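Student: Coordinates in structure-v2.cif, mmCIF, C-alpha atoms, are listed below.
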```cif
data_work
#
loop_
_atom_site.label_atom_id
_atom_site.label_comp_id
_atom_site.auth_asym_id
_atom_site.auth_seq_id
_atom_site.Cartn_x
_atom_site.Cartn_y
_atom_site.Cartn_z
CA MET O 105 18.69 -15.72 -32.25
CA THR O 106 16.34 -16.08 -35.19
CA PRO O 107 12.79 -17.32 -34.62
CA LEU O 108 13.85 -20.55 -36.31
CA ASP O 109 16.67 -20.97 -33.76
CA PHE O 110 14.20 -20.32 -30.96
CA PHE O 111 11.77 -23.00 -32.11
CA ALA O 112 14.66 -25.41 -32.73
CA TRP O 113 15.84 -24.72 -29.18
CA LEU O 114 12.28 -25.20 -27.88
CA ALA O 115 12.11 -28.60 -29.58
CA GLU O 116 15.18 -29.69 -27.61
CA THR O 117 13.75 -28.82 -24.19
CA GLN O 118 12.66 -31.64 -21.91
CA TRP O 119 9.10 -30.27 -21.75
CA SER O 120 8.77 -30.42 -25.50
CA VAL O 121 10.27 -33.89 -25.77
CA ASP O 122 8.04 -35.23 -22.98
CA LEU O 123 4.90 -33.75 -24.52
CA HIS O 124 5.85 -35.01 -27.93
CA GLU O 125 6.42 -38.53 -26.67
CA SER O 126 3.38 -38.73 -24.41
CA GLU O 127 0.49 -39.79 -26.59
CA ILE O 128 -1.99 -39.51 -23.74
CA ALA O 129 -0.95 -35.98 -22.71
CA TYR O 130 -1.08 -34.76 -26.30
CA SER O 131 -4.54 -36.30 -26.86
CA ILE O 132 -5.89 -34.78 -23.66
CA ILE O 133 -4.56 -31.33 -24.55
CA GLU O 134 -6.13 -31.67 -28.01
CA SER O 135 -9.46 -32.56 -26.38
CA VAL O 136 -9.24 -29.55 -24.05
CA HIS O 137 -8.53 -27.39 -27.11
CA VAL O 138 -11.67 -28.72 -28.85
CA TRP O 139 -13.81 -28.36 -25.72
CA THR O 140 -12.78 -24.77 -25.17
CA LEU O 141 -13.30 -24.19 -28.89
CA CYS O 142 -16.95 -25.02 -28.21
CA VAL O 143 -17.05 -22.49 -25.37
CA PHE O 144 -15.07 -19.69 -26.96
CA PHE O 145 -15.94 -20.04 -30.64
CA GLY O 146 -19.53 -21.04 -29.85
CA LEU O 147 -20.24 -18.04 -27.61
CA MET O 148 -18.28 -15.70 -29.90
CA ILE O 149 -20.54 -16.75 -32.79
CA MET O 150 -23.59 -15.95 -30.67
CA VAL O 151 -22.22 -12.50 -29.78
CA ASP O 152 -21.42 -11.83 -33.45
CA LEU O 153 -24.84 -13.04 -34.59
CA ARG O 154 -26.39 -10.67 -32.05
CA LEU O 155 -24.28 -7.78 -33.36
CA LEU O 156 -25.47 -8.66 -36.85
CA GLY O 157 -29.05 -8.61 -35.59
CA TRP O 158 -29.58 -12.19 -36.71
CA THR O 159 -30.65 -13.68 -33.37
CA MET O 160 -31.99 -12.75 -29.91
CA ARG O 161 -32.94 -9.27 -31.04
CA LYS O 162 -34.75 -8.59 -27.77
CA VAL O 163 -31.60 -9.05 -25.70
CA PRO O 164 -29.65 -5.77 -25.35
CA VAL O 165 -26.14 -5.95 -26.80
CA SER O 166 -24.70 -4.73 -23.49
CA GLU O 167 -26.16 -7.77 -21.74
CA PHE O 168 -24.30 -10.00 -24.17
CA VAL O 169 -21.08 -8.12 -23.58
CA ASP O 170 -21.54 -8.16 -19.79
CA ARG O 171 -22.81 -11.69 -19.23
CA VAL O 172 -21.75 -13.86 -22.17
CA LEU O 173 -18.46 -12.38 -23.35
CA PRO O 174 -16.65 -13.11 -20.02
CA TRP O 175 -17.32 -16.83 -20.57
CA ALA O 176 -15.97 -16.58 -24.08
CA VAL O 177 -12.86 -14.82 -22.75
CA ALA O 178 -12.36 -17.58 -20.15
CA GLY O 179 -12.63 -20.15 -22.94
CA PHE O 180 -10.16 -18.14 -25.01
CA VAL O 181 -7.59 -18.14 -22.21
CA ILE O 182 -7.75 -21.94 -21.97
CA MET O 183 -7.57 -22.16 -25.77
CA VAL O 184 -4.37 -20.10 -25.78
CA ILE O 185 -2.83 -22.21 -22.99
CA SER O 186 -3.75 -25.54 -24.60
CA GLY O 187 -2.77 -24.23 -28.04
CA THR O 188 0.63 -23.12 -26.73
CA LEU O 189 1.17 -26.59 -25.28
CA LEU O 190 0.26 -28.14 -28.65
CA VAL O 191 2.90 -25.94 -30.31
CA LEU O 192 5.36 -26.83 -27.56
CA ALA O 193 4.87 -30.51 -28.41
CA ILE O 194 5.75 -29.90 -32.09
CA PRO O 195 7.60 -26.56 -32.20
CA LEU O 196 9.55 -26.58 -35.46
CA ARG O 197 6.86 -28.10 -37.63
CA SER O 198 4.27 -25.69 -36.25
CA TYR O 199 6.50 -22.69 -36.86
CA GLN O 200 7.08 -23.68 -40.48
CA ASN O 201 3.48 -24.72 -41.11
CA LEU O 202 1.69 -22.57 -43.68
CA PHE O 203 -1.70 -22.82 -41.96
CA PHE O 204 -0.23 -22.16 -38.51
CA ARG O 205 1.28 -18.93 -39.84
CA GLY O 206 -2.01 -18.00 -41.49
CA LYS O 207 -3.82 -18.70 -38.25
CA MET O 208 -1.46 -16.51 -36.20
CA ILE O 209 -1.83 -13.59 -38.64
CA LEU O 210 -5.63 -13.93 -38.59
CA LEU O 211 -5.53 -14.04 -34.76
CA VAL O 212 -3.70 -10.69 -34.75
CA VAL O 213 -6.30 -9.23 -37.13
CA ALA O 214 -9.13 -10.62 -34.95
CA GLY O 215 -7.44 -9.04 -31.92
CA LEU O 216 -7.28 -5.67 -33.71
CA ASN O 217 -10.95 -5.97 -34.67
CA ALA O 218 -11.86 -6.70 -31.03
CA TRP O 219 -9.73 -3.76 -29.86
CA ILE O 220 -11.37 -1.37 -32.32
CA PHE O 221 -14.78 -2.67 -31.25
CA HIS O 222 -14.17 -2.14 -27.54
CA SER O 223 -12.33 1.17 -27.81
CA ARG O 224 -14.16 2.96 -30.64
CA ILE O 225 -17.53 1.37 -31.31
CA TYR O 226 -18.84 -0.11 -28.08
CA PRO O 227 -18.52 3.11 -26.00
CA LYS O 228 -21.18 4.67 -28.25
CA ILE O 229 -23.63 1.93 -27.33
CA VAL O 230 -26.06 4.16 -25.38
CA GLY O 231 -28.11 5.15 -28.40
CA TRP O 232 -28.63 1.70 -29.87
CA ASP O 233 -28.13 -0.88 -27.10
CA ALA O 234 -31.67 -2.23 -27.35
CA ASP O 235 -31.93 -2.05 -31.16
CA GLY O 236 -32.91 -5.41 -32.63
CA VAL O 237 -30.69 -4.66 -35.61
CA PRO O 238 -27.67 -2.56 -34.52
CA PRO O 239 -26.23 0.26 -36.68
CA LYS O 240 -24.16 -0.62 -39.72
CA VAL O 241 -20.78 -0.04 -38.06
CA MET O 242 -21.72 -2.59 -35.37
CA ARG O 243 -22.99 -5.12 -37.85
CA ARG O 244 -19.75 -4.76 -39.76
CA ALA O 245 -17.70 -5.42 -36.60
CA GLY O 246 -19.79 -8.53 -35.90
CA GLY O 247 -19.54 -9.79 -39.47
CA VAL O 248 -15.77 -9.25 -39.65
CA SER O 249 -15.32 -11.02 -36.33
CA LEU O 250 -17.47 -13.96 -37.44
CA ALA O 251 -15.61 -14.34 -40.75
CA LEU O 252 -12.23 -14.12 -39.01
CA TRP O 253 -13.02 -16.72 -36.38
CA ILE O 254 -14.39 -19.14 -38.96
CA ALA O 255 -11.21 -18.67 -41.03
CA ILE O 256 -9.11 -19.24 -37.89
CA VAL O 257 -10.92 -22.52 -37.16
CA PHE O 258 -10.38 -23.60 -40.79
CA CYS O 259 -6.65 -22.83 -40.58
CA GLY O 260 -6.40 -24.57 -37.22
CA ARG O 261 -7.92 -27.74 -38.60
CA MET O 262 -5.58 -27.69 -41.61
CA ILE O 263 -2.41 -27.45 -39.49
CA ALA O 264 -2.69 -31.20 -39.00
CA TYR O 265 -2.13 -31.86 -42.71
CA ASN O 266 1.38 -31.92 -44.14
CA TRP O 267 0.72 -30.87 -47.75
CA PHE O 268 3.03 -27.85 -47.52
CA ASP O 269 5.49 -29.16 -44.95
CA CYS O 270 9.12 -28.27 -45.27
CA ASP O 271 10.25 -31.89 -45.38
CA ARG O 272 7.95 -32.56 -48.35
CA GLN O 273 9.87 -31.19 -51.30
CA PRO O 274 9.61 -30.08 -54.01
CA GLN O 275 7.21 -27.29 -53.08
CA ALA O 276 6.36 -24.19 -55.05
CA ALA O 277 8.84 -21.38 -54.38
CA ILE O 278 6.07 -19.24 -52.90
CA VAL O 279 5.25 -21.99 -50.36
CA ASN O 280 8.88 -22.29 -49.28
CA PHE O 281 9.06 -18.52 -49.01
CA LEU O 282 5.90 -18.29 -46.88
CA THR O 283 7.06 -21.10 -44.55
CA SER O 284 10.69 -19.81 -44.41
CA CYS O 285 11.74 -23.20 -45.61
CA VAL O 286 15.19 -23.70 -47.12
CA PRO O 287 15.21 -27.13 -48.79
CA MET O 288 18.41 -29.11 -48.64
CA PRO O 289 20.25 -29.19 -52.01
CA SER O 290 19.61 -32.93 -52.25
CA GLU O 291 15.88 -32.26 -52.16
CA PHE O 292 15.83 -30.20 -55.32
CA MET R 266 -23.89 -54.24 -38.69
CA LEU R 267 -20.51 -54.56 -40.36
CA PRO R 268 -22.02 -55.19 -43.84
CA PHE R 269 -23.83 -51.85 -43.61
CA PHE R 270 -20.58 -50.09 -42.64
CA GLN R 271 -18.84 -51.86 -45.52
CA TRP R 272 -21.57 -50.71 -47.90
CA CYS R 273 -21.19 -47.08 -46.76
CA TYR R 274 -17.44 -47.38 -47.19
CA ASP R 275 -17.83 -48.66 -50.76
CA THR R 276 -20.34 -46.06 -51.99
CA TRP R 277 -19.03 -43.62 -54.58
CA ILE R 278 -19.36 -40.86 -51.98
CA GLY R 279 -17.12 -42.69 -49.53
CA VAL R 280 -14.62 -43.55 -52.24
CA THR R 281 -14.50 -40.01 -53.67
CA ILE R 282 -13.88 -38.39 -50.28
CA ARG R 283 -11.30 -41.02 -49.32
CA GLU R 284 -9.35 -40.63 -52.52
CA SER R 285 -9.33 -36.84 -52.49
CA THR R 286 -6.60 -34.91 -50.71
CA TRP R 287 -8.71 -31.89 -49.87
CA LEU R 288 -12.26 -33.14 -49.41
CA PHE R 289 -11.91 -34.82 -46.02
CA PRO R 290 -10.13 -31.88 -44.32
CA LEU R 291 -12.52 -29.39 -45.91
CA ILE R 292 -15.61 -31.28 -44.74
CA GLU R 293 -14.00 -31.63 -41.31
CA ALA R 294 -13.54 -27.86 -41.10
CA PHE R 295 -17.23 -27.31 -41.88
CA HIS R 296 -18.03 -29.94 -39.25
CA LEU R 297 -16.02 -27.89 -36.72
CA VAL R 298 -17.85 -24.67 -37.60
CA GLY R 299 -21.12 -26.55 -37.12
CA LEU R 300 -19.79 -27.77 -33.77
CA GLY R 301 -19.07 -24.20 -32.70
CA LEU R 302 -22.52 -22.96 -33.65
CA THR R 303 -24.28 -25.91 -32.02
CA ALA R 304 -22.26 -25.41 -28.86
CA GLY R 305 -22.99 -21.67 -28.87
CA THR R 306 -26.75 -22.16 -29.04
CA VAL R 307 -26.73 -24.92 -26.40
CA LEU R 308 -24.43 -22.95 -24.07
CA THR R 309 -26.47 -19.75 -24.34
CA VAL R 310 -29.49 -21.57 -22.93
CA ASP R 311 -27.58 -23.81 -20.49
CA LEU R 312 -25.73 -20.84 -18.98
CA ARG R 313 -29.15 -19.23 -18.52
CA LEU R 314 -30.40 -22.37 -16.73
CA PHE R 315 -27.33 -22.21 -14.52
CA GLY R 316 -28.22 -18.63 -13.71
CA VAL R 317 -24.88 -17.24 -14.86
CA GLY R 318 -25.55 -16.11 -18.43
CA LEU R 319 -28.15 -13.83 -19.96
CA SER R 320 -30.71 -13.06 -17.30
CA ARG R 321 -33.37 -10.68 -18.59
CA GLN R 322 -35.09 -13.20 -20.80
CA SER R 323 -36.34 -16.61 -19.77
CA ALA R 324 -34.63 -19.77 -20.96
CA ALA R 325 -37.74 -20.50 -23.04
CA GLN R 326 -37.49 -17.14 -24.86
CA LEU R 327 -33.79 -17.61 -25.49
CA TRP R 328 -34.31 -21.14 -26.76
CA ALA R 329 -37.04 -19.94 -29.12
CA SER R 330 -34.63 -17.33 -30.54
CA VAL R 331 -31.68 -19.66 -31.06
CA GLN R 332 -33.60 -22.75 -32.13
CA PRO R 333 -33.38 -22.07 -35.90
CA TRP R 334 -29.59 -21.73 -35.52
CA PHE R 335 -29.47 -24.88 -33.41
CA LEU R 336 -31.44 -26.88 -35.99
CA GLY R 337 -29.39 -25.43 -38.86
CA SER R 338 -26.04 -26.18 -37.24
CA VAL R 339 -27.11 -29.67 -36.16
CA SER R 340 -28.19 -30.34 -39.76
CA LEU R 341 -24.81 -29.11 -41.00
CA MET R 342 -23.11 -31.42 -38.51
CA PHE R 343 -25.24 -34.37 -39.60
CA VAL R 344 -24.59 -33.87 -43.30
CA THR R 345 -20.84 -33.31 -42.91
CA GLY R 346 -20.59 -36.01 -40.22
CA ILE R 347 -22.27 -38.62 -42.43
CA LEU R 348 -19.92 -37.71 -45.30
CA LEU R 349 -16.87 -38.07 -43.04
CA PHE R 350 -18.25 -41.33 -41.69
CA MET R 351 -18.80 -42.81 -45.16
CA SER R 352 -15.20 -42.17 -46.11
CA GLU R 353 -13.88 -44.08 -43.09
CA ALA R 354 -16.78 -46.30 -42.03
CA ILE R 355 -14.63 -49.37 -41.42
CA LYS R 356 -12.28 -47.46 -39.13
CA CYS R 357 -15.31 -46.12 -37.26
CA TYR R 358 -16.74 -49.61 -36.82
CA TYR R 359 -13.64 -50.66 -34.91
CA SER R 360 -13.25 -47.34 -33.08
CA PHE R 361 -14.31 -47.27 -29.44
CA ALA R 362 -14.53 -43.46 -29.57
CA PHE R 363 -17.00 -43.63 -32.49
CA TRP R 364 -19.45 -45.75 -30.50
CA ILE R 365 -19.05 -43.52 -27.43
CA LYS R 366 -19.81 -40.54 -29.64
CA MET R 367 -22.90 -42.13 -31.19
CA ALA R 368 -24.22 -43.14 -27.76
CA SER R 369 -23.70 -39.64 -26.29
CA LEU R 370 -25.17 -38.05 -29.42
CA LEU R 371 -28.31 -40.15 -29.16
CA LEU R 372 -28.63 -39.36 -25.44
CA ALA R 373 -27.91 -35.65 -25.97
CA ILE R 374 -30.57 -35.33 -28.65
CA VAL R 375 -33.18 -37.32 -26.72
CA PHE R 376 -32.36 -35.29 -23.62
CA ALA R 377 -32.60 -31.98 -25.52
CA PHE R 378 -36.06 -32.76 -26.84
CA THR R 379 -37.49 -34.31 -23.66
CA ILE R 380 -36.30 -33.33 -20.16
CA ARG R 381 -34.39 -30.22 -21.20
CA ARG R 382 -37.24 -28.95 -23.35
CA HIS R 383 -39.63 -29.51 -20.46
CA VAL R 384 -37.41 -27.67 -17.97
CA VAL R 385 -36.76 -24.82 -20.41
CA ARG R 386 -40.47 -24.37 -21.04
CA ALA R 387 -41.45 -24.66 -17.37
CA GLY R 388 -39.25 -21.66 -16.59
CA PRO R 389 -38.03 -20.43 -13.23
CA MET R 390 -41.51 -20.28 -11.72
CA SER R 391 -42.34 -23.96 -11.50
CA GLY R 392 -38.93 -25.58 -11.82
CA SER R 393 -36.59 -25.25 -8.90
CA TRP R 394 -33.19 -23.61 -9.15
CA ARG R 395 -31.51 -26.95 -8.64
CA GLN R 396 -33.55 -28.61 -11.38
CA GLY R 397 -32.39 -26.01 -13.91
CA ARG R 398 -28.77 -26.41 -12.89
CA LEU R 399 -28.86 -30.21 -13.02
CA THR R 400 -30.49 -30.11 -16.44
CA ALA R 401 -27.88 -27.68 -17.78
CA LEU R 402 -25.08 -29.79 -16.31
CA ALA R 403 -26.42 -33.01 -17.84
CA SER R 404 -26.87 -31.28 -21.20
CA LEU R 405 -23.31 -29.94 -21.18
CA VAL R 406 -21.79 -33.26 -20.09
CA LEU R 407 -23.60 -35.08 -22.92
CA TRP R 408 -22.59 -32.56 -25.61
CA PHE R 409 -19.02 -32.46 -24.34
CA GLY R 410 -19.03 -36.25 -24.54
CA VAL R 411 -20.04 -35.97 -28.20
CA ALA R 412 -17.19 -33.53 -28.90
CA TRP R 413 -14.71 -35.68 -26.98
CA GLY R 414 -15.71 -38.84 -28.85
CA GLY R 415 -15.43 -36.95 -32.14
CA ARG R 416 -11.94 -35.73 -31.44
CA TRP R 417 -10.80 -39.22 -30.35
CA ILE R 418 -12.06 -40.95 -33.50
CA GLY R 419 -9.13 -39.18 -35.12
CA PHE R 420 -6.64 -40.60 -32.64
CA SER R 421 -7.56 -44.25 -33.02
#
```
For the file at hand, write its structure as structure tokens.

Tutor:
Amino acid sequence: MTPLDFFAWLAETQWSVDLHESEIAYSIIESVHVWTLCVFFGLMIMVDLRLLGWTMRKVPVSEFVDRVLPWAVAGFVIMVISGTLLVLAIPLRSYQNLFFRGKMILLVVAGLNAWIFHSRIYPKIVGWDADGVPPKVMRRAGGVSLALWIAIVFCGRMIAYNWFDCDRQPQAAIVNFLTSCVPMPSEF
Amino acid sequence: MLPFFQWCYDTWIGVTIRESTWLFPLIEAFHLVGLGLTAGTVLTVDLRLFGVGLSRQSAAQLWASVQPWFLGSVSLMFVTGILLFMSEAIKCYYSFAFWIKMASLLLAIVFAFTIRRHVVRAGPMSGSWRQGRLTALASLVLWFGVAWGGRWIGFS
């Protein structure tokens, strides 16, 4: 089963059809996604700004990680659930959407950045926890995280637009390659 | 008020954004980043008022630290929001969600600079635990109402 087959199969399931057809359910899930964006993205920005030393310099970084990050993680979990439901409502189009693919790749990179932060950088916190401006390696982690999450929000917003959609041909060859789109012969 | 909305809609700014493919989505994305930053600054202080967030510094100290970011992000939201509005002012005029959003926005801002500011400044000594929590709750409900209204303008 190719990924394309999987998403095509997903689109045929009753769950997907129901979600797709229910305007109210889709709108509510969208709203939940935006609300939790405020919680997750908002608090993540604050953590990153602290790592950069650009705000709340008197608050130790460990306090941010202990008392603010859990809220961001809770928001992230709801974002993933609501986001998955949004994909479930429109599986094929999402899978072949250029910005959706960009967003997923950036999410993986953001995950790697978070993993490196927690496994390699954060354990060495003892020496600089209370520093108003953390060491360079920390600031870099915060800056990379901030840039990635902003890019992810940009991509997420652009998924709604159909500029590069598979059913809008002709598209540049590179676009069809990146979206694994095979246009019908009649569309050439 | 409709003539004013019509005027906004007909300005060269409104026309340019409306006729461009990329401008509206791009401005929207900046609006969302502004939303995130605004929410982050408000939440940092409101979680503190709830007693579940940062705890070593007072709400007043935290608010003082994040205020420049709050003002900056709110300004970004205003500028991008007005641009988005101008490009679809007529749709907004007839959109229930738009009016809900404007009402909650007005209330949220008035609340932030009156009762919430007072409670934040008073600190845990004079204000009761419950007062802080109620203030944080009201603040969050109002801001979430703004976000909700914003999202639903797009659905109408």

Student: Could you spell out the hits of the PyMOL selection byres ((chain O and resi 133) around 12) on the shown file, as a PyMOL selection string?

Tutor: (chain O and resi 123-124+126-132+134-140+182-193) or (chain R and resi 413+416-417)

Student: Counting only C-alpha atoms, which residue out of R:Gly397, R:Gly337, R:Val344, R:Gln332 sits closest to Ile380 in chain R?

Tutor: R:Gly397

Student: Kindly determine which residues of chain R lie within 7 Å of chain O, considering all atoms listed in the file, and give the answer as a count of residues only.

Tutor: 17

Student: Could you spell out the hits of the PyMOL selection byres ((chain O and resi 200) around 7) on the shown file, as a PyMOL selection string?

Tutor: chain O and resi 196-199+201-202+270+283-285

Student: Evaluated on this file, the PyMOL selection byres ((chain R and resi 369) around 9) picks out some residues - which ones are they, written as a compact mmCIF listing (two decimals) with C-alpha atoms, in the coordinates of the input?

Tutor:
```
# COMPACT_ATOMS: atom_id res chain seq x y z
CA TRP R 364 -19.45 -45.75 -30.50
CA ILE R 365 -19.05 -43.52 -27.43
CA LYS R 366 -19.81 -40.54 -29.64
CA MET R 367 -22.90 -42.13 -31.19
CA ALA R 368 -24.22 -43.14 -27.76
CA LEU R 370 -25.17 -38.05 -29.42
CA LEU R 371 -28.31 -40.15 -29.16
CA LEU R 372 -28.63 -39.36 -25.44
CA ALA R 373 -27.91 -35.65 -25.97
CA ILE R 374 -30.57 -35.33 -28.65
CA LEU R 407 -23.60 -35.08 -22.92
CA TRP R 408 -22.59 -32.56 -25.61
CA PHE R 409 -19.02 -32.46 -24.34
CA GLY R 410 -19.03 -36.25 -24.54
CA VAL R 411 -20.04 -35.97 -28.20
CA GLY R 414 -15.71 -38.84 -28.85
```

Student: Which neighbours of Gly246 in chain O fall inside 6 Å, counting all atoms listed in the file, when residues of the same chain fewer than 6 positions from it are skipped, and could you give them as a list in words?

Tutor: Asp152, Leu155 and Leu156 of chain O

Student: Excluding range 280-286 of chain R and its own-chain neighbours fewer than 6 positions away, which residues fall within 10 Å of it when counting only C-alpha atoms? Please give them as number ranges by chain.

Tutor: O: 265, 267; R: 273-274, 292, 348-349, 351-353

Student: Would you please work out which residue, of O:Gly179, O:Ile194, O:Ser166, O:Leu210, is nearest to Leu114 in chain O when using only C-alpha atoms?

Tutor: O:Ile194

Student: Suppose you want the space between CA of Arg395 in chain R and CA of Phe180 in chain O; what is it in Å?

Tutor: 28.3 Å

Student: Distance CA of Gly157 in chain O-CA of Pro238 in chain O, one decimal place?

Tutor: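 It comes out at 6.3 Å.
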
Student: Please, what distance in Å, to one decimal, runs between CA of Phe343 in chain R and CA of Phe363 in chain R?

Tutor: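 Between CA of Phe343 in chain R and CA of Phe363 in chain R the gap is 14.3 Å.
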
Student: Return the padded bounding box of range 165-183 of chain O as AutoDock Vina command-line options: axis-aligned, built from all atoms listed in the file, 4 Å added on each side, with centre and edge lengths in Å to one decimal.

Tutor:
```
--center_x -16.9 --center_y -13.4 --center_z -23.0 --size_x 26.6 --size_y 25.4 --size_z 15.6
```

Student: May I have the residues within 8 Å of range 212-222 of chain O as number ranges by chain, using all atoms listed in the file and disregarding those fewer than 3 positions away in the same chain?

Tutor: O: 208-209, 225-227, 245, 248-249, 252-253
